[in-house]
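Below is one structure; the comments refer to it alone.
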Number of protein chains: 6
Amino acid sequence: MDIALVVGTACPALGRAVADALGVTPASCSVRPFPDGELEVELRSSVRGANAYVVQSTCAPVGERLLELLLLCDACWRAGARAVSAVVPYFGYARQDRRQREGQPLGARVVAEALGTGRLTRMLAVDLHSRAIEGSFAAPLEHLTAVSLLTEAVRPRVRPESILIAPDLGAVKLAEAFGTRLGLSMAVVHKSRLSGSEVAVRAVIGDVRGRSPIVVDDMISTGGTVVAAVRALREAGSGPEVTVVASHGLLVGEALPRLAEIGVRMLVTTDSVPPPAQVPFSHQVVSLAPLLADAIRRLEEHRPLAELLASR
Amino acid sequence: MDIALVVGTACPALGRAVADALGVTPASCSVRPFPDGELEVELRSSVRGANAYVVQSTCAPVGERLLELLLLCDACWRAGARAVSAVVPYFGYARQDRRQREGQPLGARVVAEALGTGRLTRMLAVDLHSRAIEGSFAAPLEHLTAVSLLTEAVRPRVRPESILIAPDLGAVKLAEAFGTRLGLSMAVVHKSRLSGSEVAVRAVIGDVRGRSPIVVDDMISTGGTVVAAVRALREAGSGPEVTVVASHGLLVGEALPRLAEIGVRMLVTTDSVPPPAQVPFSHQVVSLAPLLADAIRRLEEHRPLAELLASR
Amino acid sequence: MDIALVVGTACPALGRAVADALGVTPASCSVRPFPDGELEVELRSSVRGANAYVVQSTCAPVGERLLELLLLCDACWRAGARAVSAVVPYFGYARQDRRQREGQPLGARVVAEALGTGRLTRMLAVDLHSRAIEGSFAAPLEHLTAVSLLTEAVRPRVRPESILIAPDLGAVKLAEAFGTRLGLSMAVVHKSRLSGSEVAVRAVIGDVRGRSPIVVDDMISTGGTVVAAVRALREAGSGPEVTVVASHGLLVGEALPRLAEIGVRMLVTTDSVPPPAQVPFSHQVVSLAPLLADAIRRLEEHRPLAELLASR
Amino acid sequence: MDIALVVGTACPALGRAVADALGVTPASCSVRPFPDGELEVELRSSVRGANAYVVQSTCAPVGERLLELLLLCDACWRAGARAVSAVVPYFGYARQDRRQREGQPLGARVVAEALGTGRLTRMLAVDLHSRAIEGSFAAPLEHLTAVSLLTEAVRPRVRPESILIAPDLGAVKLAEAFGTRLGLSMAVVHKSRLSGSEVAVRAVIGDVRGRSPIVVDDMISTGGTVVAAVRALREAGSGPEVTVVASHGLLVGEALPRLAEIGVRMLVTTDSVPPPAQVPFSHQVVSLAPLLADAIRRLEEHRPLAELLASR
Amino acid sequence: MDIALVVGTACPALGRAVADALGVTPASCSVRPFPDGELEVELRSSVRGANAYVVQSTCAPVGERLLELLLLCDACWRAGARAVSAVVPYFGYARQDRRQREGQPLGARVVAEALGTGRLTRMLAVDLHSRAIEGSFAAPLEHLTAVSLLTEAVRPRVRPESILIAPDLGAVKLAEAFGTRLGLSMAVVHKSRLSGSEVAVRAVIGDVRGRSPIVVDDMISTGGTVVAAVRALREAGSGPEVTVVASHGLLVGEALPRLAEIGVRMLVTTDSVPPPAQVPFSHQVVSLAPLLADAIRRLEEHRPLAELLASR
Amino acid sequence: MDIALVVGTACPALGRAVADALGVTPASCSVRPFPDGELEVELRSSVRGANAYVVQSTCAPVGERLLELLLLCDACWRAGARAVSAVVPYFGYARQDRRQREGQPLGARVVAEALGTGRLTRMLAVDLHSRAIEGSFAAPLEHLTAVSLLTEAVRPRVRPESILIAPDLGAVKLAEAFGTRLGLSMAVVHKSRLSGSEVAVRAVIGDVRGRSPIVVDDMISTGGTVVAAVRALREAGSGPEVTVVASHGLLVGEALPRLAEIGVRMLVTTDSVPPPAQVPFSHQVVSLAPLLADAIRRLEEHRPLAELLASR
């Protein structure tokens with residue numbers, strides 16, 4: 001494989017782990033801020049003629065991460081890389097995949113178009129919040145999924161009383177994917193105005209009495225959705241132990257104390273975003289490195305990605 | 001308003017109705033097939049300096065409808081229209097908004113890109129199957145909704161025992177919009193592998209016993225989803241009278257007899273696609289003309305579209 | 001040769017014949033209409049890293065054929081093909097290579113631009129109606145010619161009294177190409193207002209008395225041009241036996257009975273468009289497969305196409 | 001009319017005449033070569049908010065004329081013109097509208113694409129050598145014709161014995177347009193290998209004995225085609241007086257003495273290219289100014305161009 | 001003037017001052033970070049049909065500022081603005097206008113291309129570090145200068161012993177512009193290896209003995225260049241009082257204490273970047289509002305920008 | 001190396017020398033003017049699958065050279081070259097890298113955009129007048145420098161009393177590069193209005209008394225800058241012998257006699273532009289062939305260009 005793996009500053013540990021998994025040395029690359037915050041980017045090893053893969057999540061601060069990604073891709077392209085692929089474990093602004101009101105921008109498309117200036121040959125992303133944003137990118141997107149990695153991490157914790165929980169309708173397909181692999185049934189928490197009133201109520205669909213919930217979502221940001229779901233589960237009689245599984249653990253604001261307070265005992269996420277140092281409960285971080293390395297290897301060897309792809 | 005309303009052959013009655021509602025005469029325009037099926041398109045009235053609006057659904061045969069739309073837009077553009085907007089009441093291939101498997105094309109993007117060659121200033125569409133395909137278009141999209149028109153059509157039929165039904169998860173938001181306007185509660189039919197088995201089961205979420213279902217969806221194609229939902233509703237004890245409401249009534253294949261057989265008494269759709277001549281039950285066709293005409297008028301008068309837009 | 005030959009549904013037999021001639025198995029590829037007519041396209045064999053050639057004529061219904069071609073190309077591109085070439089034996093809308101009147105679209109360019117969204121590396125086409133539409137394509141075009149194949153098919157039927165006929169001015173260069181190869185003289189039928197009057201008259205240029213006409217054209221659609229030319233030839237004293245040779249045999253509408261009625265004994269076309277099942281006179285179908293396979297092989301082997309190209 | 005008429009250095013007199021016909025003052029604009037030949041271009045009057053029309057033929061030296069045109073369009077665009085239209089009375093490289101052999105460039109498309117970088121809103125051109133190059137331009141093309149102007153100039157010279165001559169097949173449609181207007185019959189000179197031999201022969205189609213030829217073509221470059229046609233006419237018995245009419249009088253190389261020698265008495269061209277100072281026979285130069293001014297006025301007033309367009 | 005002035009969060013006070021100077025109310029616009037740092041942008045007043053001007057400096061953090069600018073421009077465009085102009089008082093990454101070494105990106109072009117996705121009609125910027133980056137933008141750039149504003153602010157402080165100082169060669173043209181307006185002579189500090197050695201030395205060109213330096217530069221970042229220049233001036237015998245004038249006062253890191261320590265008594269900058277709250281010497285902030293407002297008004301009134309432009 | 005070296009007519013000797021240095025035969029390629037000046041371009045050897053390098057300076061007449069370059073690139077691209085790189089030893093219009101006044105075009109960008117239509121993979125240029133025009137090109141630019149070649153040519157002429165002269169501020173960095181290599185000190189001639197007056201004066205910075213100036217610039221056009229600098233040097237007491245070194249020797253107008261008159265004894269340039277036949281003093285022409293060949297070889301072998309690049 002004549003590849004150059006270029007690792008940005010958003011998730012450096014993951015990048016190095018991908019390199020290890022591929023058995024390559026990351027391209028020597030310097031990304032340093034000038035005193036005024038502008039980035040000085042320089043590839044120090046040659047990428048000429050190589051297929052370059054630039055690993056960079058666009059987590060917060062998204063604009064800075066995105067600009068760094070663009071600078072790295074530009075550097076690869078100008079330095080003569082044969083192809084430049086962006087490997088974006090966490091892709092920001094995916095929730096802005098439509099305008100909700102007149103006067104709003106279409107955030108996901110704005111980010112996708114900015115990325116489109118990077119002369120990308122290909123994009124790799126993991127468990128995007130909205131699958132249809134595939135259509136926003138100018139380059140082909142390989143939409144990978146961490147479901148396999150996450151289910152293997154969760155499997156040892158599965159008990160007879162375990163039940164998978166989709167904390168809202170958007171998480172149902174993901175929860176089903178876990179259910180199929182783990183042989184567990186599923187319940188859904190649905191926030192709706194079922195009665196036609198203006199007040200939204202969270203209803204639990206499925207019998208959770210006495211069951212131990214494993215809440216599944218693509219990402220945990222402030223934890224609000226999970227917290228509300230767990231409250232509804234409690235009211236519906238679920239057991240006290242809660243496990244939370246998510247591809248992307250942003251865990252911003254008061255997410256951690258709120259999750260702790262509501263009784264979360266175990267959190268499983270990937271390293272698409274660098275995990276927080278202090279977590280007040282058990283936090284298992286599953287590395288995406290095997291997934292990303294496998295995808296890159298298959299691309300280089302012209303093999304199908306097949307089961308690495310999100311079952312869409 | 002210096003506009004040129006150009007009406008394609010996919011939904012000519014709707015086009016003329018839009019013109020009437022706007023109080024304008026449609027642009028004189030000839031679309032005729034040559035003997036080999038290629039289209040001879042010609043604008044006979046001048047569009048120079050005008051804002052052109054080309055009304056054409058891309059219903060089946062989608063390729064032909066799309067090519068006609070492109071030819072009409074090209075004719076407007078070359079003839080000097082100041083701006084060209086595509087008004088697409090029904091937009092085909094919206095369900096292919098993501099690749100489901102490696103080796104598939106991204107159908108919605110393919111169609112959107114082909115449209116993008118038409119030098120469109122703007123797109124208008126109604127109740128798209130997937131809201132996120134907004135991100136696939138190069139031109140800004142005004143995503144209009146027929147919910148207001150449809151609820152007014154349904155309102156006289158609402159009884160105390162009526163209940164809104166989302167026949168799958170994708171229809172929940174639409175059903176909620178109806179519920180808010182009609183003051184009705186909602187139930188959801190969910191096709192899932194709740195038990196982790198490989199067999200999909202349709203569960204009814206909400207109490208439908210003795211209630212008269214009003215099934216809501218964005219489109220009725222073969223009617224399969226509605227038929228399966230009604231079967232599940234029956235098993236869950238719903239009443240025999242079924243009303244079906246959908247923005248787009250494609251009604252292909254055996255849709256009509258199947259709907260009749262399952263007990264549908266009333267179908268409400270718009271004229272985004274020309275309705276079938278013979279329907280074996282009551283079929284109310286609500287014209288999109290007021291909606292489209294209102295949108296065009298607001299655009300021309302630089303007013304917000306506001307409540308005409310899909311509540312996204 | 002690491003190629004993937006993808007065969008669309010417009011001319012499947014030709015596609016398979018090209019595969020045979022190249023000694024390759026066509027890529028496994030499914031193109032199926034959903035009940036509402038939208039196409040479900042899926043490559044089942046991997047094209048990653050291969051040069052993909054998508055064989056699809058854009059004969060009637062042109063829009064559907066074109067959209068299928070775009071979906072196939074998109075599928076190849078997203079699945080990682082190294083390059084995607086469209087092989088279009090018959091290219092529709094080639095006659096709309098200029099606007100004839102204000103208010104018309106520029107049909108050939110519209111089709112070419114839609115094709116341009118397919119990220120094509122290259123186009124291959126055969127005996128285009130207008131050679132200058134080469135300039136409409138964003139990708140380079142290899143304009144192949146079937147003249148060699150067709151002359152070899154006609155040669156056994158050449159008699160001392162045979163004479164080549166260009167049925168209008170646009171066919172003169174093609175007829176000359178046949179003449180050079182077959183050693184035959186040529187006459188031209190010219191439809192004109194030679195006298196300055198408003199009535200168009202078909203004049204025969206050249207002496208055809210007692211000669212057996214071999215009428216040559218790039219395509220036979222309704223047969224109108226050939227029928228009118230043969231009438232003029234008869235009035236000018238030509239013999240009763242008429243042979244017709246054309247690259248593309250669309251043969252729509254009443255073409256076959258009209259040609260039979262006017263005395264055509266033999267028709268020679270290629271399989272760029274699937275030939276009709278029943279032809280009321282002798283119809284020799286010359287396969288383009290050797291030509292297309294030879295072109296593909298030369299491209300893959302980086303050899304000149306040379307004599308395969310239309311002598312422009 | 002809020003227009004800015006910008007006149008390049010290729011045909012300054014025509015540009016000023018267009019301004020006079022429109023009743024406007026040309027934009028103050030300086031185009032001066034630096035000592036090394038690079039052009040210093042500067043608009044001295046404001047074009048902000050105006051529709052700019054840049055008048056420049058791309059006659060020899062085509063590269064210089066084209067670059068000047070691009071610089072002028074760029075200056076207009078950057079200075080805030082609302083729209084920039086290129087008015088190109090003579091468009092060079094129109095004969096390279098297809099590749100004739102592998103290894104050639106597609107000259108007309110190369111020039112059209114370079115022009116496409118000029119952010120043109122619209123192109124105006126006159127009697128293009130190949131009508132299908134309309135498809136090569138990214139901007140819409142108004143293909144004007146000087147036939148009306150030229151026929152009025154020729155009309156006083158028409159005698160009962162006059163006959164229109166198309167000196168090759170490419171000129172037939174143009175000659176027919178003259179014939180319809182002047183009420184004259186037409187003959188065609190055709191250079192062909194009618195006998196299948198390798199020697200090309202010029203045959204005269206139509207009876208020219210004793211007639212006075214009026215030879216019609218879109219352009220006269222070296223005069224070779226006209227000279228050969230007149231020789232063939234002489235052999236076919238035509239009278240000695242020859243009139244030549246062409247939209248574009250390039251008249252390069254030995255064109256003038258050759259035309260004189262062959263007996264041309266009268267030449268009628270337009271001023272799309274500045275006419276030579278010394279012509280050894282009568283040379284009437286018909287200005288394109290009324291045509292171009294009329295076209296610009298109609299565009300500004302949003303009226304159809306109609307009869308100004310080449311009858312395509 | 002039908003304009004919509006949209007003010008981003010980078011320099012809100014300047015934006016409001018521009019609105020005041022224009023006599024308009026800024027468009028109602030909300031820019032709020034979600035808890036994970038992604039921005040929620042929404043125009044609350046209508047921009048349909050208006051010329052939108054989005055005021056946003058791309059100062060640190062550049063990526064965030066740039067993304068906000070793109071989101072604002074996208075919101076304007078989708079909401080139907082007739083034209084969208086970016087007004088960027090301070091433009092980041094302007095110093096990366098060339099690659100200095102293989103392996104670097106071309107930062108200014110990367111930012112310019114990202115901006116190019118914003119469908120901008122026009123860019124306005126002030127005293128760019130490198131004038132040639134005008135060529136990097138897809139949209140036309142109006143390169144405004146604050147020299148007039150700054151000279152008027154400095155004029156009252158000019159003494160007979162004042163002398164303008166260009167602290168490096170890149171500032172010479174700017175210092176000359178001040179010199180011409182203030183009637184002052186100039187000296188230049190040049191950092192060079194004049195002797196061919198490897199050690200760079202700062203030489204003072206011009207006699208500064210006993211003179212009071214007014215150091216002029218386009219931007220003050222860490223103050224390093226100014227500090228070194230003042231040291232060289234001191235060694236060359238200049239007086240102790242130092243005034244510093246710059247268009248852009250980034251003043252990052254230890255800039256302020258370093259400038260204080262070296263004896264700067266007075267700093268004059270514009271508000272292109274929000275000024276620091278505490279400055280340990282006199283700091284006059286000249287607002288760009290009159291300049292920007294004047295430029296916008298001239299654009300809207302189709303008048304030349306003339307003396308507002310950087311004398312390039 | 002599978003490369004095709006295509007040599008245009010602007011600097012044919014240099015092109016052949018590059019081929020020799022690479023040990024390849026230039027592609028057989030014909031570029032001939034038709035009688036009307038349009039170019040007939042044809043590659044006679046196959047470039048299919050090869051990396052094509054087209055060597056062509058865009059010296060005067062720039063438009064013709066540029067158009068020829070575009071035609072050559074188009075021919076390579078259509079004929080199936082794998083990649084097309086433009087090797088432009090002298091790039092015209094580089095001085096128009098910014099608009100100096102409203103109403104001017106941005107010449108360098110206009111040329112760069114026209115080049116951008118050539119589907120270039122890469123550009124190679126030598127000692128561009130403005131380094132920042134790198135940002136104007138759509139393709140990556142390798143900015144090579146002839147400083148090494150030129151210093152080796154000058155070295156034998158260096159005397160103890162030699163001093164390098166930058167004839168204006170723009171040449172300082174170049175002169176420094178010479179100084180570092182030759183171990184010489186440098187003086188600068190600066191044209192300025194140091195006193196604030198309107199009269200520009202050329203001052204000499206550095207002590208040149210009795211020294212022999214070696215004047216260094218990127219290009220010599222009319223020689224005006226050099227002549228003025230030498231006059232200033234003389235007034236400042238420099239010795240009579242003057243050497244001039246420049247990458248590009250345009251030497252237009254009265255450059256040669258003026259340089260002779262001012263006392264230039266030796267001129268060193270490259271062959272980026274064909275040198276004049278008669279030079280009234282010693283003229284050493286250093287071929288760029290080794291530099292260009294080395295760059296091409298490194299690109300083909302995927303090695304860094306490193307020290308071949310302009311120290312930017």
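The chains in the structure tokens are called A, B, ... from first to last as shown; in each chain the residues are counted from 1, and the ligands are counted from 1 in the order shown.
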
Checklist entry - Could you pull out the helix (DSSP H, G or I) residues of range 36-265 of chain E from DSSP and send them as a PyMOL selection string? => result chain E and resi 62-78+107-116+131-136+147-157+169-182+224-235+255-261

Checklist entry - If we count only C-alpha atoms, which residues of chain B reach to within 9 Å of chain E? Please list them as a list in words. => result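 Per the criterion, chain B yields Arg122, Ala139, Pro140, Leu141, Glu142, Leu299, Glu300, Glu301, His302, Arg303 and Pro304 of chain B.
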
Residues of the last selection are to be written out with C-alpha atoms, as a tab-separated table (two decimals), in the first residue's frame.
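Below you can see part_2.tsv, which holds the result:
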chain	number	residue	atom	x	y	z
B	122	ARG	CA	-34.87	28.11	-7.44
B	139	ALA	CA	-30.34	25.65	-6.18
B	140	PRO	CA	-32.24	26.72	-3.07
B	141	LEU	CA	-35.34	24.67	-2.46
B	142	GLU	CA	-38.64	25.93	-1.12
B	299	LEU	CA	-41.72	35.08	-4.15
B	300	GLU	CA	-42.53	37.72	-6.72
B	301	GLU	CA	-43.63	40.17	-4.04
B	302	HIS	CA	-40.59	39.42	-1.88
B	303	ARG	CA	-42.71	38.24	1.01
B	304	PRO	CA	-41.89	35.32	3.35

Next on the checklist: Nearest residue to Gln104 in chain A out of E:Leu69, E:Val158, E:Val201, E:Cys29, using only C-alpha atoms?
Outcome noted: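 Selected residue with least distance to Gln104 in chain A: E:Cys29.
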
Could you give me, as a JSON list (two decimals) with N, CA and C atoms, in the first residue's frame, the residues within 8 Å of range 2-4 of chain B, counting only C-alpha atoms and dropping anything in the same chain fewer than 5 positions from it?
[["chain", "number", "residue", "atom", "x", "y", "z"],
["B", 26, "PRO", "N", -50.99, 31.08, -19.16],
["B", 26, "PRO", "CA", -49.75, 30.31, -19.29],
["B", 26, "PRO", "C", -49.01, 30.70, -20.57],
["B", 27, "ALA", "N", -47.70, 30.65, -20.51],
["B", 27, "ALA", "CA", -46.91, 30.91, -21.71],
["B", 27, "ALA", "C", -47.32, 29.91, -22.78],
["B", 47, "VAL", "N", -40.43, 35.01, -23.25],
["B", 47, "VAL", "CA", -40.17, 35.00, -21.81],
["B", 47, "VAL", "C", -39.03, 35.95, -21.47],
["B", 50, "ALA", "N", -38.55, 37.98, -18.16],
["B", 50, "ALA", "CA", -39.55, 37.54, -17.18],
["B", 50, "ALA", "C", -38.96, 36.52, -16.22],
["B", 51, "ASN", "N", -39.57, 36.39, -15.06],
["B", 51, "ASN", "CA", -39.27, 35.28, -14.17],
["B", 51, "ASN", "C", -40.09, 34.09, -14.63],
["B", 52, "ALA", "N", -39.41, 33.04, -15.08],
["B", 52, "ALA", "CA", -40.13, 31.88, -15.60],
["B", 52, "ALA", "C", -40.31, 30.85, -14.50],
["B", 53, "TYR", "N", -41.49, 30.27, -14.43],
["B", 53, "TYR", "CA", -41.79, 29.17, -13.52],
["B", 53, "TYR", "C", -42.26, 28.00, -14.37]]
